[in-house]
Structure formats: C-alpha cells, structure tokens
Amino acid sequence: MHVFLETERLVLRPLTEADADHLFALDNDPDVMRFINGGKPTSRETLHTRTLPRLLHDHPCFGTRGYWAAEGKATATFLGWFEFRPLADHSPAVVELGYRLNRAAWGKGYAAEGARALIHKGFTDLGVERVTADTMAVNTRSRRVMEKAGLSFLRNFTGDWPDPIEGSEHGEVEYELTRTAWEQRR
C-alpha cells in the first residue's frame, strides 16, 4: 500500500477500486449525505460510473490523485476520504479541500487533523498557493472543521441546486487559506 501522508492518528492512501464497498456504505448513510444530496441513497451503478472515476483520477500537476482513503493508523479501519484536488488538472496553484468521514469517525478531530496535514503538504511540497473549501451555510460542523484547519470565511453564495435539499435556501459558504496567510501564522 502506497501511503500518501501520515498524521498522528491517520494514514491517507490513494483510493482504489477495492474501496468500492466502503464508499458505497459511506454514500448510503443518510446522515453522512445530508448536506451533499439530502441523504438520498447512491446506487452501485452511480458509484462505479461516476463516483469511482472521479475519486481515482490522477492529476498531472500532482502526479497523483486528488482523493485519499483515510484509515485509522492504529487499526487500519476505513474512516472515509479526503479531497485535496487541484481545480485545474495542470496547475497545483488552487486546490479544493473536502472530507467525507463515516459517523463513527465524527467528533474525534480526524477531519481537522487530516485537513491540516494536507494543507501543510500542499504548501510545502506540492506548489499550492490557495486552498478553498465550501459547504452549505447550515453545515456548521463542516464549517468548524474548515476553521480548525486554518481556513477563513471568504463569502456567501447561492449555488445552482437542480434538486434543492433542506437548508439549500440559506446558500453556501466558501472558505480559503492562502500560502501567504498560512506562512504568517506559522
């Protein structure tokens, strides 16, 4: 197994096709998906035709993926995944940070721990200049993770929700962290 990044309690490794069952379970937990699609189930077909190709895509500017499986370091238990994906395939300048962890991993600080480690790696090893992350305005837990990871509120905006879900009427929020701001805080 290739390890992309380790923290005190996490191992981040590239996702593989072998993770399909874990991803299926994660995407079919209504609580996990509440702020993504309103908690609707994901079919195996959608997982294999849409989700896996996105998660397994290699980005030329990184020479690796933009999504990583998160496992507990002590147990090798699948906890979910992290996104640290360049917005342009051929430029590492701006990346999107994201995370999706199973409920058993919530409230333990894993999301902030993984996010901080990815941000550090991005600014020190990958040529990242700006990290961005967004969520629904009402997703206070995800917003708190962004803040704990060092991102600052940038703006409110209204996304195009083809199938609006509960809370989408309040819009979305974007957070960011620039390399300059990160270096000044260190």
# chains A, B, ... in the order shown; residues from 1 in each chain; ligands from 1

call {"tool": "residues_around", "arguments": {"residues": "A:Gly114", "least_positions_apart": "4", "cutoff": "8 Å", "atoms": "only C-alpha atoms", "output": "list in words"}}
result
Thr7, Leu10, Phe82, Tyr110 and Leu118 of chain A

call {"tool": "residues_around", "arguments": {"residues": "A:Pro41", "least_positions_apart": "3", "cutoff": "9 Å", "atoms": "only C-alpha atoms", "output": "number ranges by chain"}}
result
A: 27-30, 33, 37

call {"tool": "write_last_selection", "arguments": {"atoms": "all heavy atoms", "output": "short mmCIF file (atom, residue, chain, number, x, y, z; two decimals), in the first residue's frame"}}
result
data_model
loop_
_atom_site.label_atom_id
_atom_site.label_comp_id
_atom_site.auth_asym_id
_atom_site.auth_seq_id
_atom_site.Cartn_x
_atom_site.Cartn_y
_atom_site.Cartn_z
N ASP A 27 -21.58 6.48 1.17
CA ASP A 27 -22.52 7.27 0.38
C ASP A 27 -23.97 6.85 0.58
O ASP A 27 -24.86 7.49 0.02
CB ASP A 27 -22.16 7.19 -1.10
CG ASP A 27 -20.97 8.07 -1.46
OD1 ASP A 27 -20.36 8.65 -0.53
OD2 ASP A 27 -20.65 8.17 -2.65
N ASN A 28 -24.21 5.81 1.33
CA ASN A 28 -25.58 5.38 1.59
C ASN A 28 -26.00 5.59 3.04
O ASN A 28 -27.04 5.09 3.46
CB ASN A 28 -25.79 3.93 1.14
CG ASN A 28 -26.03 3.88 -0.35
OD1 ASN A 28 -27.11 4.20 -0.81
ND2 ASN A 28 -24.99 3.55 -1.11
N ASP A 29 -25.19 6.33 3.77
CA ASP A 29 -25.58 6.73 5.12
C ASP A 29 -26.27 8.09 5.00
O ASP A 29 -25.64 9.08 4.62
CB ASP A 29 -24.34 6.83 6.02
CG ASP A 29 -24.69 7.20 7.44
OD1 ASP A 29 -25.63 8.01 7.66
OD2 ASP A 29 -24.02 6.69 8.35
N PRO A 30 -27.57 8.15 5.30
CA PRO A 30 -28.30 9.42 5.13
C PRO A 30 -27.72 10.57 5.94
O PRO A 30 -27.77 11.72 5.51
CB PRO A 30 -29.72 9.10 5.58
CG PRO A 30 -29.78 7.67 5.90
CD PRO A 30 -28.41 7.08 5.77
N MET A 33 -24.65 11.91 4.09
CA MET A 33 -25.00 12.56 2.83
C MET A 33 -26.01 13.70 2.98
O MET A 33 -26.40 14.32 1.99
CB MET A 33 -25.54 11.51 1.86
CG MET A 33 -24.52 10.42 1.53
SD MET A 33 -22.98 11.04 0.82
CE MET A 33 -23.57 11.53 -0.80
N ASN A 37 -26.55 15.48 -0.72
CA ASN A 37 -27.68 15.22 -1.62
C ASN A 37 -29.00 15.05 -0.87
O ASN A 37 -29.95 14.49 -1.42
CB ASN A 37 -27.40 14.00 -2.50
CG ASN A 37 -27.36 12.71 -1.71
OD1 ASN A 37 -27.66 12.66 -0.52
ND2 ASN A 37 -26.99 11.64 -2.38
#

call {"tool": "closest_residue", "arguments": {"among": "A:Thr42, A:Thr178, A:Thr51, A:Asn102", "to": "A:Ile119", "atoms": "only C-alpha atoms"}}
result
A:Thr178

call {"tool": "select_by_dssp", "arguments": {"residues": "stretch 48-122 of chain A", "states": "helix (DSSP H, G or I)", "output": "list in words"}}
result
His48, Thr49, Arg50, Thr51, Leu52, Pro53, Arg54, Leu55, Arg103, Ala104, Ala105, Tyr110, Ala111, Ala112, Glu113, Gly114, Ala115, Arg116, Ala117, Leu118, Ile119, His120, Lys121 and Gly122 of chain A

call {"tool": "residues_around", "arguments": {"residues": "stretch 43-47 of chain A", "least_positions_apart": "5", "cutoff": "9 Å", "atoms": "only C-alpha atoms", "output": "MDAnalysis selection string"}}
result
chainID A and resid 20 23:24 27:28 52:53

call {"tool": "atom_distance", "arguments": {"atom1": "atom CA of A:Thr124", "atom2": "atom CA of A:Trp81"}}
result
21.5 Å

call {"tool": "select_by_dssp", "arguments": {"residues": "stretch 59-180 of chain A", "states": "strand (DSSP E or B)", "output": "ChimeraX atom specification"}}
result
/A:59,64-65,67-72,78-88,91-101,130-136,152-157,172-178

call {"tool": "atom_distance", "arguments": {"atom1": "atom CA of A:Pro92", "atom2": "atom CA of A:Asp125"}}
result
10.5 Å

call {"tool": "closest_atom_pairs", "arguments": {"of": "stretch 65-146 of chain A", "to": "stretch 172-175 of chain A", "cutoff": "12 Å", "atoms": "only C-alpha atoms", "output": "JSON lines"}}
result
{"residue": "A:Val95", "atom": "CA", "partner": "A:Tyr175", "partner_atom": "CA", "distance": 11.9}
{"residue": "A:Glu96", "atom": "CA", "partner": "A:Tyr175", "partner_atom": "CA", "distance": 10.0}
{"residue": "A:Leu97", "atom": "CA", "partner": "A:Tyr175", "partner_atom": "CA", "distance": 9.7}
{"residue": "A:Gly98", "atom": "CA", "partner": "A:Tyr175", "partner_atom": "CA", "distance": 11.3}
{"residue": "A:Arg130", "atom": "CA", "partner": "A:Tyr175", "partner_atom": "CA", "distance": 10.5}
{"residue": "A:Val131", "atom": "CA", "partner": "A:Tyr175", "partner_atom": "CA", "distance": 8.3}
{"residue": "A:Thr132", "atom": "CA", "partner": "A:Tyr175", "partner_atom": "CA", "distance": 5.7}
{"residue": "A:Ala133", "atom": "CA", "partner": "A:Tyr175", "partner_atom": "CA", "distance": 5.3}
{"residue": "A:Asp134", "atom": "CA", "partner": "A:Glu174", "partner_atom": "CA", "distance": 4.3}
{"residue": "A:Thr135", "atom": "CA", "partner": "A:Glu172", "partner_atom": "CA", "distance": 5.6}
{"residue": "A:Met136", "atom": "CA", "partner": "A:Glu172", "partner_atom": "CA", "distance": 4.2}
{"residue": "A:Ala137", "atom": "CA", "partner": "A:Glu172", "partner_atom": "CA", "distance": 4.6}
{"residue": "A:Val138", "atom": "CA", "partner": "A:Glu172", "partner_atom": "CA", "distance": 8.0}
{"residue": "A:Asn139", "atom": "CA", "partner": "A:Glu172", "partner_atom": "CA", "distance": 9.0}
{"residue": "A:Thr140", "atom": "CA", "partner": "A:Val173", "partner_atom": "CA", "distance": 10.5}
{"residue": "A:Ser142", "atom": "CA", "partner": "A:Val173", "partner_atom": "CA", "distance": 10.6}
{"residue": "A:Arg143", "atom": "CA", "partner": "A:Tyr175", "partner_atom": "CA", "distance": 8.3}
{"residue": "A:Arg144", "atom": "CA", "partner": "A:Tyr175", "partner_atom": "CA", "distance": 10.7}
{"residue": "A:Val145", "atom": "CA", "partner": "A:Tyr175", "partner_atom": "CA", "distance": 10.7}
{"residue": "A:Met146", "atom": "CA", "partner": "A:Tyr175", "partner_atom": "CA", "distance": 7.1}

call {"tool": "write_last_selection", "arguments": {"atoms": "all heavy atoms", "output": "compact mmCIF listing (two decimals), in the first residue's frame"}}
result
# COMPACT_ATOMS: atom_id res chain seq x y z
N VAL A 95 -6.35 24.51 -4.92
CA VAL A 95 -6.90 23.18 -4.65
C VAL A 95 -8.17 23.31 -3.82
O VAL A 95 -8.35 24.27 -3.07
CB VAL A 95 -5.90 22.26 -3.91
CG1 VAL A 95 -4.65 22.02 -4.73
CG2 VAL A 95 -5.56 22.81 -2.54
N GLU A 96 -9.02 22.33 -3.98
CA GLU A 96 -10.24 22.25 -3.18
C GLU A 96 -10.04 21.21 -2.09
O GLU A 96 -9.60 20.09 -2.36
CB GLU A 96 -11.44 21.87 -4.04
CG GLU A 96 -12.72 21.82 -3.23
CD GLU A 96 -13.96 21.63 -4.10
OE1 GLU A 96 -13.85 21.15 -5.24
OE2 GLU A 96 -15.04 21.98 -3.61
N LEU A 97 -10.34 21.60 -0.88
CA LEU A 97 -10.26 20.72 0.28
C LEU A 97 -11.65 20.18 0.58
O LEU A 97 -12.63 20.93 0.56
CB LEU A 97 -9.75 21.51 1.49
CG LEU A 97 -9.79 20.80 2.84
CD1 LEU A 97 -8.77 19.66 2.88
CD2 LEU A 97 -9.52 21.79 3.96
N GLY A 98 -11.74 18.90 0.86
CA GLY A 98 -13.00 18.29 1.24
C GLY A 98 -12.76 17.05 2.07
O GLY A 98 -11.63 16.55 2.16
N ARG A 130 -3.24 28.44 -2.95
CA ARG A 130 -4.52 28.76 -2.31
C ARG A 130 -5.34 27.49 -2.12
O ARG A 130 -5.44 26.68 -3.04
CB ARG A 130 -5.30 29.75 -3.17
CG ARG A 130 -6.65 30.14 -2.63
CD ARG A 130 -7.29 31.22 -3.52
NE ARG A 130 -8.62 31.53 -3.06
CZ ARG A 130 -9.75 31.09 -3.63
NH1 ARG A 130 -9.69 30.32 -4.69
NH2 ARG A 130 -10.91 31.42 -3.14
N VAL A 131 -5.90 27.34 -0.93
CA VAL A 131 -6.80 26.23 -0.62
C VAL A 131 -8.19 26.82 -0.45
O VAL A 131 -8.37 27.82 0.24
CB VAL A 131 -6.38 25.51 0.69
CG1 VAL A 131 -7.37 24.41 1.05
CG2 VAL A 131 -4.97 24.96 0.57
N THR A 132 -9.16 26.20 -1.08
CA THR A 132 -10.54 26.65 -0.98
C THR A 132 -11.41 25.47 -0.53
O THR A 132 -11.07 24.31 -0.79
CB THR A 132 -11.04 27.22 -2.33
OG1 THR A 132 -12.36 27.71 -2.17
CG2 THR A 132 -11.00 26.20 -3.43
N ALA A 133 -12.49 25.78 0.15
CA ALA A 133 -13.44 24.75 0.58
C ALA A 133 -14.80 25.40 0.68
O ALA A 133 -14.92 26.57 1.04
CB ALA A 133 -13.03 24.17 1.93
N ASP A 134 -15.84 24.64 0.36
CA ASP A 134 -17.18 25.20 0.51
C ASP A 134 -18.13 24.14 1.04
O ASP A 134 -17.88 22.94 0.95
CB ASP A 134 -17.70 25.81 -0.80
CG ASP A 134 -17.73 24.85 -1.96
OD1 ASP A 134 -18.59 23.95 -1.97
OD2 ASP A 134 -16.90 24.99 -2.84
N THR A 135 -19.22 24.62 1.60
CA THR A 135 -20.26 23.77 2.15
C THR A 135 -21.55 24.58 2.22
O THR A 135 -21.54 25.79 2.00
CB THR A 135 -19.87 23.22 3.54
OG1 THR A 135 -20.81 22.21 3.92
CG2 THR A 135 -19.83 24.32 4.59
N MET A 136 -22.62 23.90 2.55
CA MET A 136 -23.88 24.61 2.77
C MET A 136 -23.71 25.50 4.00
O MET A 136 -23.05 25.12 4.97
CB MET A 136 -25.01 23.61 2.99
CG MET A 136 -25.40 22.85 1.74
SD MET A 136 -26.69 21.61 2.04
CE MET A 136 -28.06 22.65 2.55
N ALA A 137 -24.32 26.66 3.96
CA ALA A 137 -24.21 27.61 5.08
C ALA A 137 -24.68 26.99 6.39
O ALA A 137 -24.13 27.31 7.45
CB ALA A 137 -25.01 28.88 4.77
N VAL A 138 -25.65 26.10 6.34
CA VAL A 138 -26.20 25.50 7.56
C VAL A 138 -25.37 24.32 8.08
O VAL A 138 -25.65 23.80 9.16
CB VAL A 138 -27.66 25.05 7.36
CG1 VAL A 138 -28.56 26.25 7.07
CG2 VAL A 138 -27.78 24.00 6.24
N ASN A 139 -24.32 23.92 7.37
CA ASN A 139 -23.49 22.80 7.80
C ASN A 139 -22.42 23.29 8.78
O ASN A 139 -21.25 23.44 8.45
CB ASN A 139 -22.86 22.10 6.59
CG ASN A 139 -22.20 20.80 6.94
OD1 ASN A 139 -21.99 20.49 8.11
ND2 ASN A 139 -21.84 20.04 5.93
N THR A 140 -22.85 23.55 10.00
CA THR A 140 -21.97 24.15 11.00
C THR A 140 -20.79 23.26 11.36
O THR A 140 -19.71 23.76 11.65
CB THR A 140 -22.76 24.52 12.27
OG1 THR A 140 -23.43 23.35 12.76
CG2 THR A 140 -23.77 25.62 11.98
N SER A 142 -19.09 21.14 9.39
CA SER A 142 -18.07 21.24 8.35
C SER A 142 -17.40 22.61 8.37
O SER A 142 -16.18 22.72 8.19
CB SER A 142 -18.68 20.97 6.97
OG SER A 142 -17.67 20.88 5.99
N ARG A 143 -18.17 23.64 8.63
CA ARG A 143 -17.59 24.98 8.73
C ARG A 143 -16.58 25.05 9.86
O ARG A 143 -15.52 25.66 9.74
CB ARG A 143 -18.70 26.03 8.93
CG ARG A 143 -19.60 26.18 7.71
CD ARG A 143 -20.69 27.16 7.95
NE ARG A 143 -20.14 28.52 7.92
CZ ARG A 143 -20.89 29.60 7.85
NH1 ARG A 143 -22.21 29.52 7.81
NH2 ARG A 143 -20.33 30.80 7.84
N ARG A 144 -16.89 24.39 10.98
CA ARG A 144 -15.98 24.39 12.13
C ARG A 144 -14.68 23.66 11.79
O ARG A 144 -13.60 24.09 12.18
CB ARG A 144 -16.68 23.75 13.33
CG ARG A 144 -15.85 23.78 14.59
CD ARG A 144 -15.70 25.23 15.11
NE ARG A 144 -14.76 25.22 16.20
CZ ARG A 144 -13.66 25.98 16.25
NH1 ARG A 144 -13.40 26.83 15.29
NH2 ARG A 144 -12.85 25.90 17.28
N VAL A 145 -14.77 22.57 11.02
CA VAL A 145 -13.57 21.86 10.59
C VAL A 145 -12.70 22.78 9.74
O VAL A 145 -11.48 22.84 9.93
CB VAL A 145 -13.92 20.57 9.81
CG1 VAL A 145 -12.69 19.98 9.13
CG2 VAL A 145 -14.56 19.54 10.74
N MET A 146 -13.31 23.51 8.83
CA MET A 146 -12.56 24.43 7.98
C MET A 146 -11.81 25.46 8.83
O MET A 146 -10.64 25.75 8.58
CB MET A 146 -13.49 25.12 6.98
CG MET A 146 -14.09 24.20 5.95
SD MET A 146 -15.33 25.09 4.97
CE MET A 146 -16.15 23.72 4.17

call {"tool": "atom_distance", "arguments": {"atom1": "atom CA of A:Gly109", "atom2": "atom CA of A:Leu79"}}
result
12.1 Å

call {"tool": "closest_residue", "arguments": {"among": "A:Asp89, A:Arg65, A:Gly38, A:Phe123", "to": "A:Thr180", "atoms": "only C-alpha atoms"}}
result
A:Phe123

call {"tool": "closest_residue", "arguments": {"among": "A:Phe157, A:Lys121, A:Glu166, A:Arg185", "to": "A:Ile36", "atoms": "only C-alpha atoms"}}
result
A:Glu166

call {"tool": "closest_residue", "arguments": {"among": "A:Glu129, A:Glu176, A:Glu183, A:Asp160", "to": "A:Val94", "atoms": "only C-alpha atoms"}}
result
A:Glu129
